[in-house]
Every structure is written in C-alpha cells, then in structure tokens.
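Raw contents of target23.cif, mmCIF, C-alpha atoms (C1' of nucleotides):
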data_target
loop_
_atom_site.label_atom_id
_atom_site.label_comp_id
_atom_site.auth_asym_id
_atom_site.auth_seq_id
_atom_site.Cartn_x
_atom_site.Cartn_y
_atom_site.Cartn_z
CA MET A 1011 -13.09 38.68 -9.60
CA ALA A 1012 -11.80 37.02 -6.42
CA GLY A 1013 -13.92 34.30 -4.88
CA ARG A 1014 -14.33 32.77 -1.49
CA PRO A 1015 -11.15 32.89 0.56
CA ARG A 1016 -9.45 29.75 1.81
CA GLU A 1017 -10.19 28.74 5.35
CA PHE A 1018 -7.00 26.73 5.77
CA ASP A 1019 -3.30 27.49 5.86
CA GLU A 1020 -1.80 25.68 2.90
CA ASP A 1021 1.48 25.12 4.68
CA LYS A 1022 -0.17 23.69 7.77
CA VAL A 1023 -2.13 21.28 5.62
CA LEU A 1024 1.02 20.22 3.83
CA GLU A 1025 2.74 19.61 7.12
CA ALA A 1026 -0.15 17.50 8.36
CA ALA A 1027 -0.19 15.46 5.16
CA MET A 1028 3.55 15.00 5.47
CA GLY A 1029 3.05 13.63 8.96
CA ALA A 1030 0.50 11.12 7.74
CA PHE A 1031 2.73 9.90 4.93
CA TRP A 1032 5.64 9.80 7.33
CA ASP A 1033 3.75 7.55 9.71
CA ASN A 1034 2.56 4.99 7.24
CA GLY A 1035 4.24 5.40 3.90
CA TYR A 1036 2.48 6.19 0.66
CA GLU A 1037 0.30 3.19 -0.11
CA SER A 1038 -0.80 2.64 3.46
CA THR A 1039 -1.95 6.21 3.84
CA SER A 1040 -5.51 6.41 2.60
CA LEU A 1041 -7.42 9.44 1.50
CA ALA A 1042 -9.40 9.01 4.71
CA ASP A 1043 -6.17 9.23 6.72
CA LEU A 1044 -5.22 12.39 4.88
CA VAL A 1045 -8.63 13.89 5.50
CA ALA A 1046 -8.36 13.07 9.20
CA ALA A 1047 -4.82 14.45 9.44
CA THR A 1048 -5.46 17.67 7.59
CA GLY A 1049 -9.00 18.38 8.74
CA LEU A 1050 -9.94 19.24 5.18
CA HIS A 1051 -12.63 17.49 3.19
CA LYS A 1052 -11.80 15.23 0.32
CA GLY A 1053 -13.00 17.61 -2.32
CA SER A 1054 -11.01 20.51 -0.91
CA LEU A 1055 -7.83 18.44 -0.90
CA TYR A 1056 -8.30 17.61 -4.55
CA GLN A 1057 -9.19 21.14 -5.52
CA ALA A 1058 -6.16 22.54 -3.72
CA PHE A 1059 -3.48 19.94 -4.27
CA GLY A 1060 -4.59 17.61 -7.01
CA ASP A 1061 -4.51 13.89 -6.50
CA LYS A 1062 -2.85 11.82 -3.80
CA HIS A 1063 0.39 11.49 -5.71
CA SER A 1064 0.77 15.23 -6.22
CA LEU A 1065 0.08 15.80 -2.56
CA PHE A 1066 2.76 13.30 -1.67
CA ILE A 1067 5.32 14.92 -3.92
CA ARG A 1068 4.63 18.31 -2.37
CA SER A 1069 4.85 16.83 1.11
CA LEU A 1070 8.11 15.14 0.28
CA LYS A 1071 9.59 18.30 -1.18
CA ARG A 1072 8.59 20.18 1.92
CA TYR A 1073 10.22 17.56 4.11
CA LEU A 1074 13.43 17.66 2.12
CA SER A 1075 13.73 21.40 2.01
CA ASP A 1076 13.04 21.53 5.75
CA VAL A 1077 15.88 19.11 6.30
CA ARG A 1078 18.24 21.04 4.08
CA ALA A 1079 17.39 24.35 5.71
CA GLN A 1080 17.99 22.89 9.16
CA LYS A 1081 21.28 21.31 8.13
CA THR A 1082 22.49 24.44 6.42
CA ALA A 1083 21.79 26.44 9.55
CA MET A 1084 23.58 23.83 11.62
CA LEU A 1085 26.67 24.00 9.46
CA ALA A 1086 26.69 27.77 9.53
CA ALA A 1087 26.54 27.80 13.32
CA ALA A 1088 29.20 25.16 13.83
CA GLU A 1089 32.40 25.91 15.72
CA SER A 1090 34.55 24.36 13.05
CA PRO A 1091 33.97 22.72 9.66
CA LEU A 1092 34.61 19.24 10.99
CA SER A 1093 32.51 19.57 14.11
CA GLY A 1094 29.77 20.88 11.85
CA VAL A 1095 29.80 17.67 9.85
CA ARG A 1096 29.81 15.52 12.94
CA GLY A 1097 26.95 17.50 14.43
CA LEU A 1098 25.01 17.36 11.21
CA PHE A 1099 24.95 13.58 11.19
CA HIS A 1100 24.32 13.14 14.88
CA GLY A 1101 21.53 15.64 14.38
CA PHE A 1102 19.77 13.24 12.01
CA ILE A 1103 19.49 10.73 14.81
CA ASP A 1104 18.32 13.30 17.32
CA MET A 1105 15.75 14.57 14.83
CA ALA A 1106 14.25 11.12 14.38
CA ASP A 1107 14.48 10.39 18.08
CA ALA A 1108 12.57 13.56 18.91
CA GLU A 1109 9.51 12.30 17.04
CA GLU A 1110 6.70 10.84 19.12
CA ASP A 1111 7.35 7.49 17.45
CA PRO A 1112 11.08 7.31 16.63
CA SER A 1113 10.71 3.97 14.89
CA LYS A 1114 8.84 5.58 12.02
CA GLY A 1115 12.20 6.52 10.61
CA CYS A 1116 12.83 8.97 7.80
CA LEU A 1117 10.32 9.97 5.17
CA ALA A 1118 13.02 10.33 2.54
CA VAL A 1119 14.29 6.79 3.10
CA LYS A 1120 10.72 5.52 2.95
CA ALA A 1121 10.23 7.34 -0.32
CA MET A 1122 13.40 5.91 -1.79
CA THR A 1123 12.62 2.33 -0.91
CA GLU A 1124 8.88 2.25 -1.37
CA MET A 1125 8.43 4.55 -4.31
CA ALA A 1126 11.58 5.53 -6.17
CA PRO A 1127 11.97 2.18 -7.98
CA HIS A 1128 8.72 2.64 -9.87
CA ASP A 1129 8.06 6.35 -9.53
CA PRO A 1130 10.23 8.59 -11.71
CA ASP A 1131 9.03 11.75 -9.99
CA VAL A 1132 10.12 10.52 -6.59
CA GLN A 1133 13.34 9.19 -8.02
CA LYS A 1134 14.18 12.54 -9.53
CA VAL A 1135 13.35 14.49 -6.39
CA MET A 1136 15.44 12.16 -4.27
CA GLU A 1137 18.36 12.16 -6.67
CA GLU A 1138 18.46 15.93 -6.59
CA HIS A 1139 18.21 16.06 -2.83
CA MET A 1140 21.00 13.55 -2.33
CA ALA A 1141 23.20 15.38 -4.80
CA ILE A 1142 22.65 18.68 -3.01
CA MET A 1143 23.40 17.13 0.36
CA GLN A 1144 26.52 15.50 -0.98
CA ARG A 1145 27.83 18.73 -2.45
CA SER A 1146 27.12 20.56 0.75
CA ILE A 1147 28.98 18.06 2.89
CA GLN A 1148 31.77 17.76 0.39
CA SER A 1149 32.39 21.50 0.45
CA GLN A 1150 32.33 21.47 4.24
CA LEU A 1151 34.96 18.74 4.22
CA GLU A 1152 37.04 20.77 1.82
CA LYS A 1153 36.90 23.62 4.30
CA ALA A 1154 38.03 21.20 6.97
CA GLN A 1155 40.98 20.23 4.82
CA ALA A 1156 41.86 23.86 4.26
CA ALA A 1157 41.73 24.40 8.00
CA GLY A 1158 43.99 21.43 8.55
CA GLU A 1159 41.32 19.50 10.42
CA LEU A 1160 41.23 16.70 7.89
CA GLY A 1161 44.04 14.86 6.13
CA LEU A 1162 44.60 16.00 2.55
CA GLU A 1163 44.84 12.42 1.30
CA LYS A 1164 41.12 11.81 1.91
CA SER A 1165 38.73 12.54 -0.91
CA PRO A 1166 35.98 14.86 0.32
CA GLU A 1167 33.69 13.63 -2.41
CA MET A 1168 34.12 10.01 -1.41
CA VAL A 1169 33.89 10.68 2.31
CA ALA A 1170 30.72 12.72 1.85
CA GLY A 1171 29.21 9.91 -0.20
CA LEU A 1172 30.15 7.27 2.34
CA LEU A 1173 28.67 9.25 5.19
CA LEU A 1174 25.40 9.83 3.38
CA VAL A 1175 25.05 6.20 2.39
CA PHE A 1176 25.84 5.18 5.93
CA MET A 1177 23.18 7.55 7.22
CA ASN A 1178 20.58 5.95 4.96
CA GLY A 1179 21.57 2.60 6.36
CA LEU A 1180 21.23 3.88 9.89
CA ALA A 1181 17.73 5.12 9.17
CA THR A 1182 16.80 1.71 7.83
CA TRP A 1183 18.40 -0.02 10.79
CA ALA A 1184 16.45 2.18 13.19
CA ASN A 1185 13.22 0.83 11.75
CA ALA A 1186 14.18 -2.67 12.77
CA GLY A 1187 14.56 -1.75 16.40
CA ALA A 1188 17.91 -0.02 16.88
CA SER A 1189 17.87 2.60 19.63
CA ALA A 1190 19.14 6.15 19.34
CA ALA A 1191 22.05 5.27 21.61
CA GLU A 1192 23.11 2.41 19.36
CA ALA A 1193 22.77 4.64 16.35
CA HIS A 1194 24.98 7.32 17.89
CA ASP A 1195 27.59 4.70 18.74
CA LEU A 1196 27.67 3.30 15.24
CA LEU A 1197 27.77 6.73 13.72
CA GLU A 1198 30.66 7.68 15.95
CA GLY A 1199 32.50 4.59 14.76
CA GLN A 1200 31.88 5.53 11.16
CA LEU A 1201 32.96 9.12 11.69
CA ASN A 1202 36.14 8.02 13.42
CA ALA A 1203 36.96 5.66 10.60
CA LEU A 1204 36.50 8.30 7.92
CA LEU A 1205 37.58 11.60 9.39
CA MET B 1162 -6.93 -40.97 5.61
CA ALA B 1163 -4.88 -38.98 3.08
CA GLY B 1164 -6.72 -36.78 0.62
CA ARG B 1165 -6.06 -35.25 -2.75
CA PRO B 1166 -2.41 -34.47 -3.38
CA ARG B 1167 -1.20 -30.94 -4.07
CA GLU B 1168 -0.73 -29.99 -7.67
CA PHE B 1169 1.82 -27.30 -6.93
CA ASP B 1170 5.30 -27.18 -5.50
CA GLU B 1171 5.05 -25.23 -2.29
CA ASP B 1172 8.57 -23.92 -2.62
CA LYS B 1173 8.03 -22.71 -6.17
CA VAL B 1174 4.91 -20.90 -5.10
CA LEU B 1175 6.76 -19.29 -2.23
CA GLU B 1176 9.47 -18.15 -4.56
CA ALA B 1177 6.93 -16.67 -6.96
CA ALA B 1178 5.18 -14.84 -4.13
CA MET B 1179 8.53 -13.58 -2.93
CA GLY B 1180 9.20 -12.17 -6.37
CA ALA B 1181 5.89 -10.35 -6.42
CA PHE B 1182 6.50 -8.79 -2.99
CA TRP B 1183 10.02 -7.96 -4.03
CA ASP B 1184 8.82 -6.08 -7.07
CA ASN B 1185 6.23 -3.94 -5.39
CA GLY B 1186 6.47 -4.16 -1.64
CA TYR B 1187 3.76 -5.44 0.66
CA GLU B 1188 0.88 -3.01 0.33
CA SER B 1189 1.21 -2.56 -3.39
CA THR B 1190 1.11 -6.26 -4.05
CA SER B 1191 -2.52 -7.27 -4.35
CA LEU B 1192 -4.03 -10.70 -3.98
CA ALA B 1193 -4.58 -10.56 -7.72
CA ASP B 1194 -0.85 -9.98 -8.26
CA LEU B 1195 -0.04 -12.97 -6.08
CA VAL B 1196 -2.53 -15.13 -7.94
CA ALA B 1197 -0.98 -14.08 -11.22
CA ALA B 1198 2.57 -14.65 -10.00
CA THR B 1199 1.96 -18.03 -8.42
CA GLY B 1200 -0.58 -19.44 -10.85
CA LEU B 1201 -2.68 -20.64 -7.93
CA HIS B 1202 -6.24 -19.62 -7.27
CA LYS B 1203 -7.15 -17.37 -4.41
CA GLY B 1204 -8.75 -20.11 -2.38
CA SER B 1205 -5.76 -22.41 -2.71
CA LEU B 1206 -3.41 -19.68 -1.56
CA TYR B 1207 -5.47 -19.13 1.55
CA GLN B 1208 -5.86 -22.82 2.26
CA ALA B 1209 -2.15 -23.45 1.88
CA PHE B 1210 -0.55 -20.34 3.36
CA GLY B 1211 -3.17 -18.47 5.31
CA ASP B 1212 -3.70 -14.78 4.72
CA LYS B 1213 -1.59 -12.28 2.83
CA HIS B 1214 0.44 -11.34 5.85
CA SER B 1215 1.40 -14.94 6.65
CA LEU B 1216 2.38 -15.48 3.06
CA PHE B 1217 4.58 -12.42 3.21
CA ILE B 1218 6.30 -13.57 6.38
CA ARG B 1219 7.03 -16.95 4.83
CA SER B 1220 8.32 -15.29 1.66
CA LEU B 1221 10.52 -12.98 3.66
CA LYS B 1222 11.92 -15.83 5.74
CA ARG B 1223 12.68 -17.74 2.60
CA TYR B 1224 14.45 -14.74 1.13
CA LEU B 1225 16.54 -14.24 4.24
CA SER B 1226 17.56 -17.85 4.62
CA ASP B 1227 18.46 -17.95 0.94
CA VAL B 1228 20.70 -14.95 1.46
CA ARG B 1229 22.32 -16.43 4.53
CA ALA B 1230 22.92 -19.78 2.84
CA GLN B 1231 24.52 -18.07 -0.13
CA LYS B 1232 26.71 -15.89 2.04
CA THR B 1233 27.76 -18.76 4.25
CA ALA B 1234 28.81 -20.73 1.19
CA MET B 1235 30.67 -17.71 -0.11
CA LEU B 1236 32.61 -17.31 3.11
CA ALA B 1237 33.46 -21.00 3.23
CA ALA B 1238 34.84 -20.89 -0.29
CA ALA B 1239 36.86 -17.71 0.20
CA GLU B 1240 40.61 -17.69 -0.23
CA SER B 1241 41.13 -15.86 3.04
CA PRO B 1242 38.90 -14.53 5.81
CA LEU B 1243 39.30 -10.95 4.70
CA SER B 1244 38.74 -11.59 1.01
CA GLY B 1245 35.66 -13.52 2.04
CA VAL B 1246 34.21 -10.48 3.75
CA ARG B 1247 35.01 -8.23 0.82
CA GLY B 1248 33.49 -10.71 -1.60
CA LEU B 1249 30.42 -11.12 0.55
CA PHE B 1250 29.58 -7.44 0.38
CA HIS B 1251 30.41 -6.97 -3.27
CA GLY B 1252 28.23 -10.03 -3.82
CA PHE B 1253 25.22 -8.15 -2.47
CA ILE B 1254 25.57 -5.62 -5.25
CA ASP B 1255 26.07 -8.28 -7.90
CA MET B 1256 23.05 -10.15 -6.62
CA ALA B 1257 20.82 -7.12 -6.94
CA ASP B 1258 22.36 -6.19 -10.28
CA ALA B 1259 21.64 -9.65 -11.66
CA GLU B 1260 17.91 -9.13 -11.25
CA GLU B 1261 15.93 -8.21 -14.34
CA ASP B 1262 15.15 -4.89 -12.69
CA PRO B 1263 18.09 -3.96 -10.46
CA SER B 1264 16.36 -0.85 -9.15
CA LYS B 1265 13.88 -2.97 -7.21
CA GLY B 1266 16.50 -3.25 -4.52
CA CYS B 1267 16.45 -5.62 -1.59
CA LEU B 1268 13.36 -7.25 -0.15
CA ALA B 1269 14.80 -7.15 3.36
CA VAL B 1270 15.39 -3.41 3.20
CA LYS B 1271 11.88 -2.92 1.85
CA ALA B 1272 10.51 -4.96 4.72
CA MET B 1273 12.45 -2.95 7.27
CA THR B 1274 11.35 0.42 5.98
CA GLU B 1275 7.80 -0.31 4.89
CA MET B 1276 6.70 -2.80 7.51
CA ALA B 1277 8.97 -3.16 10.51
CA PRO B 1278 7.89 0.10 12.18
CA HIS B 1279 4.32 -1.11 12.61
CA ASP B 1280 4.64 -4.87 12.21
CA PRO B 1281 6.17 -6.68 15.19
CA ASP B 1282 6.48 -9.95 13.26
CA VAL B 1283 8.55 -8.36 10.55
CA GLN B 1284 10.57 -6.42 13.09
CA LYS B 1285 11.41 -9.61 14.97
CA VAL B 1286 12.36 -11.54 11.85
CA MET B 1287 14.58 -8.74 10.66
CA GLU B 1288 16.22 -8.21 14.02
CA GLU B 1289 17.13 -11.87 14.16
CA HIS B 1290 18.45 -11.88 10.62
CA MET B 1291 20.61 -8.84 11.17
CA ALA B 1292 21.96 -10.27 14.41
CA ILE B 1293 22.88 -13.52 12.68
CA MET B 1294 24.57 -11.71 9.84
CA GLN B 1295 26.46 -9.51 12.23
CA ARG B 1296 27.73 -12.46 14.27
CA SER B 1297 28.76 -14.26 11.12
CA ILE B 1298 30.75 -11.34 9.79
CA GLN B 1299 32.18 -10.56 13.19
CA SER B 1300 33.54 -14.08 13.56
CA GLN B 1301 34.99 -13.90 10.07
CA LEU B 1302 36.76 -10.68 11.02
CA GLU B 1303 38.08 -12.35 14.15
CA LYS B 1304 39.56 -15.05 11.94
CA ALA B 1305 41.11 -12.32 9.85
CA GLN B 1306 42.68 -10.84 12.95
CA ALA B 1307 43.99 -14.25 13.99
CA ALA B 1308 45.49 -14.63 10.53
CA GLY B 1309 47.12 -11.23 10.81
CA GLU B 1310 45.08 -9.82 7.94
CA LEU B 1311 43.40 -7.22 10.09
CA GLY B 1312 44.82 -4.91 12.72
CA LEU B 1313 44.10 -6.05 16.27
CA GLU B 1314 43.09 -2.57 17.35
CA LYS B 1315 39.88 -2.74 15.29
CA SER B 1316 36.76 -4.08 16.96
CA PRO B 1317 35.29 -6.86 14.82
CA GLU B 1318 31.89 -6.26 16.32
CA MET B 1319 31.91 -2.59 15.43
CA VAL B 1320 33.35 -3.13 11.97
CA ALA B 1321 30.75 -5.80 11.21
CA GLY B 1322 28.00 -3.47 12.34
CA LEU B 1323 29.32 -0.58 10.29
CA LEU B 1324 29.55 -2.69 7.18
CA LEU B 1325 26.03 -4.03 7.55
CA VAL B 1326 24.58 -0.60 8.15
CA PHE B 1327 26.49 0.71 5.18
CA MET B 1328 25.12 -2.09 3.04
CA ASN B 1329 21.58 -1.18 3.99
CA GLY B 1330 22.33 2.36 2.95
CA LEU B 1331 23.71 1.20 -0.35
CA ALA B 1332 20.55 -0.79 -1.05
CA THR B 1333 18.49 2.30 -0.35
CA TRP B 1334 20.74 4.44 -2.49
CA ALA B 1335 20.43 1.99 -5.36
CA ASN B 1336 16.68 2.56 -5.41
CA ALA B 1337 17.21 6.22 -6.11
CA GLY B 1338 19.20 5.56 -9.23
CA ALA B 1339 22.74 4.61 -8.26
CA SER B 1340 24.36 2.18 -10.67
CA ALA B 1341 26.12 -1.03 -9.74
CA ALA B 1342 29.44 0.55 -10.67
CA GLU B 1343 28.89 3.47 -8.32
CA ALA B 1344 27.83 1.07 -5.60
CA HIS B 1345 30.99 -1.01 -6.02
CA ASP B 1346 33.11 2.15 -5.86
CA LEU B 1347 31.48 3.37 -2.68
CA LEU B 1348 31.68 -0.05 -1.10
CA GLU B 1349 35.36 -0.25 -1.93
CA GLY B 1350 35.86 3.11 -0.24
CA GLN B 1351 34.08 1.89 2.84
CA LEU B 1352 36.00 -1.38 2.97
CA ASN B 1353 39.28 0.45 2.61
CA ALA B 1354 38.38 2.79 5.42
CA LEU B 1355 37.45 0.00 7.80
CA LEU B 1356 39.70 -2.94 7.00
"C1'" DC C 85 -27.92 44.48 -5.30
"C1'" DT C 86 -26.26 41.57 -8.61
"C1'" DA C 87 -23.14 38.82 -11.20
"C1'" DA C 88 -18.99 36.44 -11.24
"C1'" DT C 89 -15.68 33.59 -8.99
"C1'" DT C 90 -13.73 30.47 -5.76
"C1'" DT C 91 -14.03 27.35 -1.87
"C1'" DT C 92 -16.49 24.17 0.95
"C1'" DT C 93 -19.26 20.37 1.56
"C1'" DG C 94 -21.27 15.85 1.28
"C1'" DA C 95 -23.29 12.67 -1.58
"C1'" DC C 96 -21.92 9.55 -4.93
"C1'" DC C 97 -19.12 6.38 -8.28
"C1'" DG C 98 -17.10 2.19 -10.21
"C1'" DA C 99 -13.29 -0.56 -9.28
"C1'" DA C 100 -10.36 -3.09 -6.54
"C1'" DC C 101 -9.45 -4.70 -2.09
"C1'" DG C 102 -8.69 -8.89 1.22
"C1'" DG C 103 -11.11 -12.70 2.55
"C1'" DT C 104 -14.86 -16.62 2.73
"C1'" DA C 105 -17.93 -20.36 1.78
"C1'" DA C 106 -19.95 -23.78 -1.05
"C1'" DT C 107 -19.13 -26.99 -4.63
"C1'" DG C 108 -16.61 -30.23 -7.41
"C1'" DA C 109 -12.67 -33.19 -8.30
"C1'" DA C 110 -9.04 -36.45 -6.93
"C1'" DA C 111 -6.67 -39.41 -4.18
"C1'" DA C 112 -6.09 -43.04 -0.04
"C1'" DG C 113 -8.12 -46.24 3.63
"C1'" DG C 114 -11.34 -49.64 4.66
"C1'" DC D 950 -16.69 -49.70 -4.24
"C1'" DC D 951 -17.47 -46.47 -1.07
"C1'" DT D 952 -16.35 -43.34 2.50
"C1'" DT D 953 -13.26 -39.98 4.06
"C1'" DT D 954 -10.04 -36.48 3.54
"C1'" DT D 955 -7.74 -33.05 1.14
"C1'" DC D 956 -7.25 -29.89 -2.52
"C1'" DA D 957 -9.04 -27.02 -6.58
"C1'" DT D 958 -12.36 -23.87 -8.26
"C1'" DT D 959 -15.72 -20.50 -8.54
"C1'" DA D 960 -18.96 -17.34 -7.22
"C1'" DC D 961 -19.61 -14.17 -3.91
"C1'" DC D 962 -19.14 -10.98 0.34
"C1'" DG D 963 -18.84 -6.44 2.63
"C1'" DT D 964 -15.48 -2.81 2.84
"C1'" DT D 965 -12.45 0.46 1.40
"C1'" DC D 966 -10.09 2.50 -2.22
"C1'" DG D 967 -8.97 6.93 -5.03
"C1'" DG D 968 -11.52 10.12 -7.35
"C1'" DT D 969 -15.66 13.10 -9.12
"C1'" DC D 970 -19.50 16.26 -9.23
"C1'" DA D 971 -23.05 19.37 -8.27
"C1'" DA D 972 -24.93 22.29 -5.06
"C1'" DA D 973 -24.24 25.59 -1.21
"C1'" DA D 974 -21.63 29.25 0.95
"C1'" DA D 975 -18.65 33.16 0.93
"C1'" DT D 976 -16.37 36.72 -1.03
"C1'" DT D 977 -15.21 40.75 -4.50
"C1'" DA D 978 -16.05 43.62 -8.74
"C1'" DG D 979 -19.19 46.27 -11.02
#

Could you render the structure as structure tokens?
Amino acid sequence: MAGRPREFDEDKVLEAAMGAFWDNGYESTSLADLVAATGLHKGSLYQAFGDKHSLFIRSLKRYLSDVRAQKTAMLAAAESPLSGVRGLFHGFIDMADAEEDPSKGCLAVKAMTEMAPHDPDVQKVMEEHMAIMQRSIQSQLEKAQAAGELGLEKSPEMVAGLLLVFMNGLATWANAGASAAEAHDLLEGQLNALL
Amino acid sequence: MAGRPREFDEDKVLEAAMGAFWDNGYESTSLADLVAATGLHKGSLYQAFGDKHSLFIRSLKRYLSDVRAQKTAMLAAAESPLSGVRGLFHGFIDMADAEEDPSKGCLAVKAMTEMAPHDPDVQKVMEEHMAIMQRSIQSQLEKAQAAGELGLEKSPEMVAGLLLVFMNGLATWANAGASAAEAHDLLEGQLNALL
DNA sequence: CTAATTTTTGACCGAACGGTAATGAAAAGG
DNA sequence: CCTTTTCATTACCGTTCGGTCAAAAATTAG
C-alpha cells in the first residue's frame, strides 16, 4: 500500500524555497533557483508541492506564521504591554538586520507590492495576516490602557494600524539603502509620537 | 548630415513604457508588453533607448520627476505651509486612486522593493528622490514653524522622514486591498499625531 | 517473491524571453 | 540627383522559462 518514502524533509524544503523567494522575489526566482536552493529535482518539487505559484503560497504562509509565532512569543514574554509593543516593532528591524543580506527586506512586503495587485491568493493571505497582526497589537494596546501605560484618549485600533503601516514603509525604505540604525531612530520617533 | 526623422514622440513612448512597468513591475513586463504599450517595434526601442533596463531607469526617472513637479506646484499653491503638507500627502492617495486600477500602487515603491536590493542604479535613483522629497517637506515644515503653525519642539527633519516612511507603507498597504477612504483615514491619524 | 504504490530522476517540450543584425525606407547635405 | 545618415522593419538568434512524462528505484502489503 505505501510506496517509496520521501528522502527530504518537507519543512526544510519549504524553508529553502522561502529563502530563494525572499532573495529575489517571485518572478525573478526561476525553477532552476528553486532546484538549487532546495536540492530537490524539478519533478520532485512538482510532485510534492505543485507548480511554482503553489510553492510560493506555501512559502509565504510559512513565513507569515513564523513571524506571528515569534511576535506572539515576544509579547507574552514582555515586561509590560507597552514595552512589548515597542519591542515587537524594533524586533522587525533586528530580524531583517540579522539576515546575511539585510537589504533584501521583508518577504511579506515583497509579496504585497509585487504580487498582491494581480494575485488574489496573495492578496487574501496578506489581508488576513495584516488583520491578525492588527488585532493582536490592538489588544496589547488595550491592555496598556487598562494598565494606565497609555492615554485613554488614543484609539488602540488606529494606533495599531498606524504602526503597522509605518512598519511596512520602513521595510520599503530599508530596501533603498536605509541602515538598521536609521530605521531604529525613525521607529523610535514614530513610537514616541503615538504612544 | 541629418538622417530620417523620428516618427514617434520620445516622451509619449516613455510615458507608455512607464505605464507598462507600473502595471506589472520590471520582471513581469516583457519586451512584447513594451512593444504593445508603446506601439514601436522592438528594434526601434533598442535603437532609441537601449536595453530593457535602461528604458526602465528612464521611465522611473520620468515618473519621479513628474511626482516632484506636481508636489512642488501643490506646495507653491497651498494656502499655508501646513495645509500644503497635508494636501501633498492626501494628494498621493488621490493620485493613485485616480488610476484606472488603483491597486497597482506606486511605481517608486515597486522599484524600491522589487529592484533596489539588487540593482545599484535603481537604489541610487530612489535614494536621491527620497532625499529630495525629504528636504522639500522638511523646509515646508520649517516654514510652518516660522509661521507658528507647528510647535517648535518638533524636529522638521524627523517629522518629514516619518511622514515619507508612512506614505511608503500606505502605498504597500493599498496593494493588499486597502481602499482610498481607509488610506485617507489612516493618513489623517498620522498627520494629527505628528503635526 | 510478487504486485502495488510512491518517489526520484533526467530527458524532453513548446513557448516566451531579451537581444541582434540585415534590409528597406525616408530625410538632409553636397 | 546622389550620397550619407538616421530610423523603421523584419526575420532571426541562442537561452531560459515553467512544466511534463516515462522509466528507474525503493518501499510495503499480500
């Protein structure tokens, strides 16, 4: 009944594919690049993951859920609700800066700009991710209000939205040459203006 | 000495090419797309503009100088320095929303995310553009301070940077489905927080 | 041991890619 | 009018693209 067992770890392959897409975007990543990155042969990739687009969607989803898991953990470990939010955003910069090539930016931002306009699947995935992130930050800000860390006149929903939009802008900006230090400075300015 | 005259308007062709790149990004725009958009034949395109990359750079530069010219005019016509800044940013949203397909976003943001990381030419062009925009907005904010419209404790340089970064984020966000109305709301929140 | 099932592998496909070179047409200088 | 120069046009180039398919290898169920 059961056939030949797989010789690869599906998750490892997905991570490798994610890295390739992250480096070069969707269109610029060729099947040959994917083959080189994953170590699998073309046929195996297709048999296991379907076509290039499906593989991208799975890679993107993996990226996004990784990010969310990391951010959730960060919030849970924070000293206070507000410091959690601040750390969360500064963590985005550190995350990108820890990559071997920091200027490659953020896969999610790449997906939104390059693909979402003409790819409903990507658009839907990104919409959901952004909504989840927004709710998560909003509820953290509400905790901060309850703890008296944040003025009650501020709208957590609006502030969460502004911070997320700003973060997208920072990721874009980083691609055009901004350093991590500049990014931290700008972010600090934004946080101080909003919180 | 002089040979056969051109049958096309170089600027019109550039604008058509710009539109094609704007719709689909760099990699996804094929030579065939450019031929279709411009009406020229492949050979003529190469003879007149060089290769695809050169044509893109020229299209991008045209886009950016168009934007700057429009924004400069907008600032000059503003009732007050501060209302000029507000109008400038809301104008970005209106500009994108006036396109036949608003979700296609901003060519400059596309260039930054898709190309700047691995294309020094694009990176340089975008760095210069952002620096010019920042200086322009910064000086407008300094005028606002001089006119007493803006608190003297705010740093015009920082505020200008924050607004530009935020705008990039908004352009990205728009690709993932945000409407013009939502964008205006968020922008208003950001302006109110900073000005 | 055999049959059934799944994965791996590499050869192969047509189409589209960016780019070039040769030819033909149109204008200006002499 | 004829040469020169430039542009327009077309046919063509090798390469790479995403994707397929059939055969070989590896495993389990009977």

For Glu1176 in chain B: contacts at 12 Å, only C-alpha atoms (C1' of nucleotides), fewer than 6 positions along chain excluded, given as a list of chain:residue names: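 Here the qualifying residues turn out to be B:Asp1170, B:Phe1182, B:Trp1183, B:Leu1195, B:Ala1198, B:Thr1199, B:Gly1200, B:Leu1216, B:Phe1217, B:Arg1219, B:Ser1220, B:Leu1221, B:Lys1222, B:Arg1223, B:Tyr1224, B:Leu1225, B:Asp1227.
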
Neighbours of chain C in chain B at 7 Å, counting only C-alpha atoms (C1' of nucleotides), as a VMD selection string: chain B and resid 1162 to 1166

Chain A contacts to chain B at 6 Å (all atoms listed in the file) as a VMD selection string: chain A and resid 1113 to 1114 1120 1122 to 1123 1126 to 1127 1133 1175 to 1176 1178 to 1180 1182 1185 to 1186

Residues from last step as file, C-alpha atoms, as a compact mmCIF listing (two decimals), in the coordinates of the input:
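Result went into part25.txt, see below:
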# COMPACT_ATOMS: atom_id res chain seq x y z
CA SER A 1113 10.71 3.97 14.89
CA LYS A 1114 8.84 5.58 12.02
CA LYS A 1120 10.72 5.52 2.95
CA MET A 1122 13.40 5.91 -1.79
CA THR A 1123 12.62 2.33 -0.91
CA ALA A 1126 11.58 5.53 -6.17
CA PRO A 1127 11.97 2.18 -7.98
CA GLN A 1133 13.34 9.19 -8.02
CA VAL A 1175 25.05 6.20 2.39
CA PHE A 1176 25.84 5.18 5.93
CA ASN A 1178 20.58 5.95 4.96
CA GLY A 1179 21.57 2.60 6.36
CA LEU A 1180 21.23 3.88 9.89
CA THR A 1182 16.80 1.71 7.83
CA ASN A 1185 13.22 0.83 11.75
CA ALA A 1186 14.18 -2.67 12.77

Atomic distance CA of Asp1021 in chain A - CA of Ser1054 in chain A, expressed in Å with one decimal: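 CA of Ser1054 in chain A lies 14.4 Å from CA of Asp1021 in chain A.
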
Contact residues (chain D, partner chain B, 10 Å, all atoms listed in the file) as a ChimeraX atom specification: /D:953-959

d(CA of Gly1097 in chain A, CA of Leu1160 in chain A) in Å: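 Computing it gives 15.7 Å between the two atoms.
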
Report as AutoDock Vina command-line options the centre and the edge lengths, in Å to one decimal, of the axis-aligned box holding every listed atom of range 955-962 of chain D, padded by 8 Å on each side.
--center_x -13.4 --center_y -22.0 --center_z -3.7 --size_x 28.4 --size_y 38.1 --size_z 25.7
